[in-house]
>>> print(open('final.cif').read())   # mmCIF, C-alpha atoms and all ligand atoms
data_structure
#
loop_
_atom_site.group_PDB
_atom_site.id
_atom_site.type_symbol
_atom_site.label_atom_id
_atom_site.label_comp_id
_atom_site.auth_asym_id
_atom_site.auth_seq_id
_atom_site.Cartn_x
_atom_site.Cartn_y
_atom_site.Cartn_z
ATOM 1 C CA MET N 42 -78.008 -4.006 126.045
ATOM 2 C CA LEU N 43 -78.540 -5.674 129.460
ATOM 3 C CA ASN N 44 -78.538 -9.190 128.038
ATOM 4 C CA PHE N 45 -76.759 -10.938 130.922
ATOM 5 C CA THR N 46 -77.477 -11.711 134.571
ATOM 6 C CA LEU N 47 -75.745 -10.767 137.815
ATOM 7 C CA GLU N 48 -75.706 -12.277 141.266
ATOM 8 C CA THR N 49 -75.087 -10.772 144.699
ATOM 9 C CA GLU N 50 -75.259 -12.404 148.110
ATOM 10 C CA ARG N 51 -79.054 -12.027 148.389
ATOM 11 C CA LEU N 52 -80.145 -11.042 144.886
ATOM 12 C CA HIS N 53 -80.284 -11.953 141.241
ATOM 13 C CA LEU N 54 -80.304 -9.106 138.710
ATOM 14 C CA ARG N 55 -81.751 -10.222 135.399
ATOM 15 C CA PRO N 56 -83.796 -8.923 132.449
ATOM 16 C CA PHE N 57 -87.530 -8.526 133.073
ATOM 17 C CA SER N 58 -89.980 -10.977 131.519
ATOM 18 C CA GLN N 59 -93.763 -10.978 131.035
ATOM 19 C CA ASP N 60 -94.076 -13.316 134.046
ATOM 20 C CA ASP N 61 -92.926 -10.485 136.335
ATOM 21 C CA LEU N 62 -96.081 -8.427 135.855
ATOM 22 C CA ALA N 63 -97.759 -9.281 139.189
ATOM 23 C CA ASP N 64 -94.612 -8.631 141.270
ATOM 24 C CA PHE N 65 -93.834 -5.440 139.357
ATOM 25 C CA HIS N 66 -97.358 -4.082 139.731
ATOM 26 C CA ALA N 67 -97.379 -4.968 143.457
ATOM 27 C CA TYR N 68 -94.661 -2.405 144.213
ATOM 28 C CA ALA N 69 -95.284 0.061 141.367
ATOM 29 C CA LYS N 70 -98.867 0.674 142.562
ATOM 30 C CA VAL N 71 -97.820 1.743 146.058
ATOM 31 C CA PRO N 72 -98.104 5.525 146.575
ATOM 32 C CA GLY N 73 -94.797 7.111 147.566
ATOM 33 C CA VAL N 74 -92.430 4.617 145.928
ATOM 34 C CA GLY N 75 -92.251 5.793 142.302
ATOM 35 C CA GLU N 76 -92.907 9.375 143.403
ATOM 36 C CA ARG N 77 -89.483 9.433 145.101
ATOM 37 C CA ALA N 78 -87.964 8.643 141.710
ATOM 38 C CA GLY N 79 -90.145 11.092 139.758
ATOM 39 C CA TRP N 80 -92.933 8.852 138.422
ATOM 40 C CA PRO N 81 -96.512 8.437 139.635
ATOM 41 C CA HIS N 82 -97.545 5.140 141.221
ATOM 42 C CA HIS N 83 -99.409 2.903 138.789
ATOM 43 C CA GLN N 84 -103.206 3.025 138.898
ATOM 44 C CA THR N 85 -103.911 -0.105 136.859
ATOM 45 C CA LEU N 86 -102.360 -3.434 135.919
ATOM 46 C CA GLU N 87 -102.458 -2.278 132.284
ATOM 47 C CA GLU N 88 -100.252 0.669 133.154
ATOM 48 C CA SER N 89 -97.672 -1.658 134.721
ATOM 49 C CA GLN N 90 -97.971 -3.948 131.689
ATOM 50 C CA GLY N 91 -97.117 -1.037 129.379
ATOM 51 C CA VAL N 92 -94.032 -0.066 131.398
ATOM 52 C CA LEU N 93 -92.946 -3.704 131.694
ATOM 53 C CA GLU N 94 -93.174 -4.095 127.926
ATOM 54 C CA ALA N 95 -91.020 -1.005 127.483
ATOM 55 C CA PHE N 96 -88.382 -2.491 129.858
ATOM 56 C CA ILE N 97 -88.408 -5.783 127.953
ATOM 57 C CA HIS N 98 -88.200 -4.054 124.582
ATOM 58 C CA ALA N 99 -85.450 -1.577 125.544
ATOM 59 C CA ARG N 100 -83.388 -4.138 127.547
ATOM 60 C CA ASP N 101 -82.104 -1.347 129.731
ATOM 61 C CA VAL N 102 -83.616 -2.256 133.114
ATOM 62 C CA PHE N 103 -82.940 -5.300 135.288
ATOM 63 C CA ALA N 104 -85.403 -6.921 137.656
ATOM 64 C CA VAL N 105 -84.042 -7.113 141.209
ATOM 65 C CA VAL N 106 -84.989 -10.585 142.431
ATOM 66 C CA LEU N 107 -84.787 -11.802 146.022
ATOM 67 C CA LYS N 108 -83.037 -15.186 145.847
ATOM 68 C CA GLU N 109 -84.794 -16.523 148.916
ATOM 69 C CA THR N 110 -88.296 -16.242 147.420
ATOM 70 C CA ASN N 111 -87.619 -15.638 143.720
ATOM 71 C CA GLN N 112 -89.795 -12.516 144.014
ATOM 72 C CA VAL N 113 -89.149 -9.405 141.920
ATOM 73 C CA ILE N 114 -88.706 -6.662 144.527
ATOM 74 C CA GLY N 115 -87.392 -3.810 142.428
ATOM 75 C CA SER N 116 -85.525 -2.612 139.388
ATOM 76 C CA ILE N 117 -82.227 -1.048 138.465
ATOM 77 C CA GLY N 118 -81.352 0.242 135.051
ATOM 78 C CA LEU N 119 -79.724 2.603 132.636
ATOM 79 C CA HIS N 120 -81.408 5.199 130.549
ATOM 80 C CA GLN N 121 -79.329 6.156 127.579
ATOM 81 C CA GLU N 122 -78.907 9.889 127.572
ATOM 82 C CA THR N 123 -76.532 11.213 124.980
ATOM 83 C CA SER N 124 -74.008 9.424 122.893
ATOM 84 C CA THR N 125 -71.203 10.865 120.835
ATOM 85 C CA ILE N 126 -68.495 8.916 119.045
ATOM 86 C CA GLU N 127 -66.176 9.566 121.986
ATOM 87 C CA LEU N 128 -68.508 9.251 124.926
ATOM 88 C CA LYS N 129 -71.520 7.178 125.874
ATOM 89 C CA ARG N 130 -73.525 8.641 128.746
ATOM 90 C CA ALA N 131 -76.362 6.961 130.602
ATOM 91 C CA LYS N 132 -78.542 7.711 133.603
ATOM 92 C CA LEU N 133 -78.763 5.298 136.508
ATOM 93 C CA GLY N 134 -82.141 4.659 138.131
ATOM 94 C CA TYR N 135 -83.392 2.244 140.801
ATOM 95 C CA VAL N 136 -86.406 1.485 142.922
ATOM 96 C CA LEU N 137 -87.190 -1.086 145.588
ATOM 97 C CA ALA N 138 -90.496 -2.359 146.980
ATOM 98 C CA GLN N 139 -91.229 -0.607 150.267
ATOM 99 C CA PRO N 140 -91.276 -3.696 152.573
ATOM 100 C CA PHE N 141 -87.623 -4.305 151.622
ATOM 101 C CA TRP N 142 -86.235 -0.847 152.373
ATOM 102 C CA ARG N 143 -83.405 -0.349 154.871
ATOM 103 C CA GLN N 144 -81.874 -3.807 154.596
ATOM 104 C CA GLY N 145 -78.916 -2.788 152.453
ATOM 105 C CA LEU N 146 -80.466 -4.470 149.407
ATOM 106 C CA MET N 147 -80.224 -1.605 146.907
ATOM 107 C CA SER N 148 -76.672 -0.815 148.048
ATOM 108 C CA GLU N 149 -75.840 -4.452 147.271
ATOM 109 C CA ALA N 150 -77.589 -4.363 143.883
ATOM 110 C CA ALA N 151 -76.211 -0.977 142.823
ATOM 111 C CA LYS N 152 -72.567 -1.838 143.558
ATOM 112 C CA THR N 153 -72.702 -5.039 141.508
ATOM 113 C CA PHE N 154 -74.647 -3.300 138.739
ATOM 114 C CA VAL N 155 -72.265 -0.346 138.412
ATOM 115 C CA ASP N 156 -69.263 -2.722 138.477
ATOM 116 C CA ALA N 157 -70.765 -4.651 135.568
ATOM 117 C CA VAL N 158 -71.710 -1.530 133.603
ATOM 118 C CA PHE N 159 -68.147 -0.231 133.673
ATOM 119 C CA GLU N 160 -66.345 -3.571 133.400
ATOM 120 C CA ARG N 161 -68.439 -4.471 130.354
ATOM 121 C CA HIS N 162 -67.952 -0.935 129.026
ATOM 122 C CA LEU N 163 -71.675 -0.334 128.553
ATOM 123 C CA CYS N 164 -71.033 3.358 129.035
ATOM 124 C CA ASP N 165 -68.229 5.832 129.711
ATOM 125 C CA VAL N 166 -70.061 8.190 132.040
ATOM 126 C CA LEU N 167 -72.896 7.393 134.418
ATOM 127 C CA GLU N 168 -75.142 10.172 135.634
ATOM 128 C CA VAL N 169 -77.519 10.034 138.550
ATOM 129 C CA SER N 170 -79.648 12.403 140.575
ATOM 130 C CA HIS N 171 -81.775 12.292 143.697
ATOM 131 C CA PHE N 172 -84.366 14.579 145.222
ATOM 132 C CA ILE N 173 -82.672 16.566 147.974
ATOM 133 C CA GLU N 174 -84.602 14.926 150.802
ATOM 134 C CA ASN N 175 -84.035 11.354 149.510
ATOM 135 C CA LYS N 176 -81.371 10.369 152.064
ATOM 136 C CA PRO N 177 -81.114 6.648 151.256
ATOM 137 C CA SER N 178 -80.598 7.369 147.571
ATOM 138 C CA ARG N 179 -78.027 10.020 148.432
ATOM 139 C CA ARG N 180 -76.086 7.515 150.567
ATOM 140 C CA ILE N 181 -76.103 4.903 147.797
ATOM 141 C CA ILE N 182 -74.787 7.457 145.299
ATOM 142 C CA GLU N 183 -72.073 8.742 147.641
ATOM 143 C CA THR N 184 -70.942 5.235 148.571
ATOM 144 C CA LEU N 185 -70.586 4.353 144.884
ATOM 145 C CA GLY N 186 -68.162 7.276 144.551
ATOM 146 C CA PHE N 187 -70.218 9.558 142.295
ATOM 147 C CA MET N 188 -68.928 13.141 142.001
ATOM 148 C CA HIS N 189 -71.347 15.911 142.951
ATOM 149 C CA GLU N 190 -71.882 18.047 139.831
ATOM 150 C CA HIS N 191 -74.512 20.591 140.826
ATOM 151 C CA ASP N 192 -77.751 21.199 142.686
ATOM 152 C CA GLY N 193 -80.769 22.192 140.653
ATOM 153 C CA GLU N 194 -84.273 21.200 139.742
ATOM 154 C CA TYR N 195 -85.570 17.875 138.519
ATOM 155 C CA VAL N 196 -88.560 18.421 136.282
ATOM 156 C CA SER N 197 -90.949 15.488 136.332
ATOM 157 C CA LYS N 198 -93.347 15.795 133.424
ATOM 158 C CA ALA N 199 -95.173 12.669 134.614
ATOM 159 C CA LEU N 200 -95.866 14.241 138.012
ATOM 160 C CA ASN N 201 -96.155 17.753 136.606
ATOM 161 C CA GLN N 202 -93.847 18.917 139.393
ATOM 162 C CA ARG N 203 -90.376 20.317 139.953
ATOM 163 C CA PHE N 204 -88.185 18.968 142.740
ATOM 164 C CA PRO N 205 -84.986 20.390 144.226
ATOM 165 C CA ALA N 206 -82.410 17.755 143.304
ATOM 166 C CA ARG N 207 -78.700 16.958 143.395
ATOM 167 C CA PHE N 208 -76.931 15.803 140.238
ATOM 168 C CA TYR N 209 -73.824 13.605 140.014
ATOM 169 C CA SER N 210 -71.609 11.809 137.520
ATOM 170 C CA LEU N 211 -69.062 9.012 137.566
ATOM 171 C CA ASP N 212 -66.659 8.192 134.768
ATOM 172 C CA ARG N 213 -65.467 4.738 133.896
ATOM 173 C CA ASP N 214 -61.724 5.460 134.061
ATOM 174 C CA THR N 215 -61.960 6.954 137.552
ATOM 175 C CA TYR N 216 -64.149 4.118 138.803
ATOM 176 C CA LEU N 217 -61.914 1.358 137.461
ATOM 177 C CA LYS N 218 -58.712 3.063 138.670
ATOM 178 C CA ARG N 219 -60.150 3.387 142.182
ATOM 179 C CA LYS N 220 -61.082 -0.289 142.158
ATOM 180 C CA GLN N 221 -57.485 -1.292 141.405
ATOM 181 C CA LEU N 222 -56.125 0.623 144.435
HETATM 182 C C1 LIG B 1 -83.738 4.609 147.497
HETATM 183 C C2 LIG B 1 -83.964 3.130 147.778
HETATM 184 C C3 LIG B 1 -83.740 2.333 146.485
HETATM 185 C C4 LIG B 1 -82.966 2.684 148.854
HETATM 186 O O1 LIG B 1 -82.983 1.284 148.924
HETATM 187 P P1 LIG B 1 -82.607 0.511 150.273
HETATM 188 O O2 LIG B 1 -82.313 -0.911 149.911
HETATM 189 O O3 LIG B 1 -83.644 0.765 151.284
HETATM 190 O O4 LIG B 1 -81.253 1.255 150.691
HETATM 191 P P2 LIG B 1 -80.141 0.626 151.606
HETATM 192 O O5 LIG B 1 -80.788 -0.188 152.700
HETATM 193 O O6 LIG B 1 -79.136 -0.037 150.732
HETATM 194 O O7 LIG B 1 -79.550 1.929 152.290
HETATM 195 C C5 LIG B 1 -78.743 2.838 151.615
HETATM 196 C C6 LIG B 1 -78.179 3.847 152.608
HETATM 197 O O8 LIG B 1 -79.216 4.724 153.032
HETATM 198 C C7 LIG B 1 -79.370 4.681 154.432
HETATM 199 N N1 LIG B 1 -80.797 4.752 154.675
HETATM 200 C C8 LIG B 1 -81.737 3.865 154.309
HETATM 201 N N2 LIG B 1 -82.963 4.305 154.635
HETATM 202 C C9 LIG B 1 -82.777 5.507 155.221
HETATM 203 C C10 LIG B 1 -83.652 6.482 155.772
HETATM 204 N N3 LIG B 1 -84.982 6.308 155.775
HETATM 205 N N4 LIG B 1 -83.117 7.619 156.282
HETATM 206 C C11 LIG B 1 -81.797 7.823 156.276
HETATM 207 N N5 LIG B 1 -80.909 6.948 155.752
HETATM 208 C C12 LIG B 1 -81.402 5.804 155.245
HETATM 209 C C13 LIG B 1 -78.771 3.342 154.855
HETATM 210 O O9 LIG B 1 -78.340 3.372 156.199
HETATM 211 C C14 LIG B 1 -77.622 3.254 153.879
HETATM 212 O O10 LIG B 1 -76.594 4.137 154.280
HETATM 213 P P3 LIG B 1 -75.117 3.618 154.628
HETATM 214 O O11 LIG B 1 -74.597 3.006 153.344
HETATM 215 O O12 LIG B 1 -74.421 4.852 155.038
HETATM 216 O O13 LIG B 1 -75.301 2.606 155.716
HETATM 217 C C15 LIG B 1 -85.420 2.862 148.295
HETATM 218 O O14 LIG B 1 -85.622 3.662 149.436
HETATM 219 C C16 LIG B 1 -86.477 3.185 147.260
HETATM 220 O O15 LIG B 1 -86.787 2.375 146.398
HETATM 221 N N6 LIG B 1 -87.056 4.408 147.312
HETATM 222 C C17 LIG B 1 -88.088 4.828 146.365
HETATM 223 C C18 LIG B 1 -87.533 5.020 144.958
HETATM 224 C C19 LIG B 1 -86.292 5.890 144.949
HETATM 225 O O16 LIG B 1 -86.110 6.757 145.779
HETATM 226 N N7 LIG B 1 -85.416 5.623 143.964
HETATM 227 C C20 LIG B 1 -84.202 6.407 143.806
HETATM 228 C C21 LIG B 1 -84.472 7.643 143.056
HETATM 229 S S1 LIG B 1 -83.024 8.670 142.953
#
>>> encode(input="final.cif", output="structure tokens")
Amino acid sequence: MLNFTLETERLHLRPFSQDDLADFHAYAKVPGVGERAGWPHHQTLEESQGVLEAFIHARDVFAVVLKETNQVIGSIGLHQETSTIELKRAKLGYVLAQPFWRQGLMSEAAKTFVDAVFERHLCDVLEVSHFIENKPSRRIIETLGFMHEHDGEYVSKALNQRFPARFYSLDRDTYLKRKQL
């Protein structure tokens, strides 16, 4: 479904390809990156290869590429949740390589990505959640205008752990109306 590309001031967002394996593994293997998003850091190149193949096959995750170096420094994507005839819902997820944190890069990527998702009508409702102590993710979500739905628990089967988390949603009509103001 993500069969296009996007550009921001410092980034390209584009589908992953097999050539991205080394860059992807370089950040996915770092302890404490994936764990903040609910998945364990990768132990082997083969593990990253398997996930990369799933991204390529599902076409639901973009590589976040730094224009300056052409390096893949993260990902942003949609995970289809439920779909009825009336309403398509998807979950937003993102991760950035640790050396690039705190430079406003994911804020830049996420704004352009969410704009495209709603303008291209890829879904009607976006959902997102963050672990309670994940302040940068919380700020990104708030700045995008997501509505706080509830606080609860995020169950990560991959980590075999439960995390206190905050859950949000954003509907297409509200987002596009706000943009026109
Ligand atoms: C979450 C993540 C993508 C943020 O990316 P980033 O590019 O560093 O974020 P930004 O620089 O765009 O900052 C976003 C906001 O968080 C704030 N922020 C960044 N790091 C922060 C920190 N350590 N503590 C408090 N606030 C922080 C920024 O000031 C900014 O807020 P503002 O818009 O009010 O100025 C990155 O930390 C990451 O990949 N973490 C691991 C995976 C993860 O948590 N994914 C999300 C799961 S829900």
>>> residues_around(input="final.cif", residues="Ile97 of chain N", least_positions_apart="2", cutoff="9 Å", atoms="only C-alpha atoms", output="PyMOL selection string")
chain N and resi 56-59+92-95+99-102
>>> closest_atom_pairs(input="final.cif", of="chain N", to="ligand LIG 1 (chain B)", cutoff="8 Å", atoms="only C-alpha atoms and all ligand atoms", output="CSV")
residue,atom,partner,partner_atom,distance
N:Gly73,CA,B:LIG1,C17,7.2
N:Val74,CA,B:LIG1,C17,4.4
N:Gly75,CA,B:LIG1,C18,5.5
N:Glu76,CA,B:LIG1,C18,7.1
N:Arg77,CA,B:LIG1,O16,4.4
N:Ala78,CA,B:LIG1,C21,3.9
N:Gly79,CA,B:LIG1,C21,7.4
N:Gly115,CA,B:LIG1,O15,7.4
N:Gly134,CA,B:LIG1,C21,6.2
N:Tyr135,CA,B:LIG1,N7,5.1
N:Val136,CA,B:LIG1,O15,3.6
N:Leu137,CA,B:LIG1,O15,3.6
N:Ala138,CA,B:LIG1,O15,6.0
N:Gln139,CA,B:LIG1,O15,6.6
N:Phe141,CA,B:LIG1,O3,6.5
N:Trp142,CA,B:LIG1,O3,3.2
N:Arg143,CA,B:LIG1,O5,3.4
N:Gln144,CA,B:LIG1,O5,4.2
N:Gly145,CA,B:LIG1,O5,3.2
N:Leu146,CA,B:LIG1,O2,4.0
N:Met147,CA,B:LIG1,O2,3.7
N:Ser148,CA,B:LIG1,O6,3.7
N:Glu149,CA,B:LIG1,O6,6.5
N:Val169,CA,B:LIG1,S1,7.2
N:Ser170,CA,B:LIG1,S1,5.6
N:His171,CA,B:LIG1,S1,3.9
N:Phe172,CA,B:LIG1,S1,6.5
N:Asn175,CA,B:LIG1,O16,6.3
N:Lys176,CA,B:LIG1,C11,4.9
N:Pro177,CA,B:LIG1,O8,3.2
N:Ser178,CA,B:LIG1,C1,4.2
N:Arg179,CA,B:LIG1,O8,7.1
N:Arg180,CA,B:LIG1,C6,4.7
N:Ile181,CA,B:LIG1,C5,5.1
N:Thr184,CA,B:LIG1,O11,6.4
>>> resolve_selection(input="final.cif", expression="the PyMOL selection byres (((chain N and resi 43-52) around 6) and not hetatm)", output="list in words")
Met42, His53, Leu54, Arg55, Arg100, Asp101, Val106, Leu107 and Lys108 of chain N
>>> closest_residue(input="final.cif", among="N:Glu160, N:Glu87, N:Glu194, N:Glu168", to="Leu119 of chain N", atoms="only C-alpha atoms")
N:Glu168
>>> atom_distance(input="final.cif", atom1="atom CA of Leu133 of chain N", atom2="atom CA of Glu174 of chain N")
18.2 Å
>>> resolve_selection(input="final.cif", expression="the PyMOL selection byres (((chain N and resi 191) around 7) and not hetatm)", output="list of chain:residue names")
N:His189, N:Glu190, N:Asp192, N:Gly193, N:Arg207, N:Phe208
>>> resolve_selection(input="final.cif", expression="the PyMOL selection byres (((chain N and resi 204) around 7) and not hetatm)", output="ChimeraX atom specification")
/N:172,194-196,202-203,205-206
>>> atom_distance(input="final.cif", atom1="atom CA of Lys129 of chain N", atom2="atom CA of Lys220 of chain N")
20.7 Å
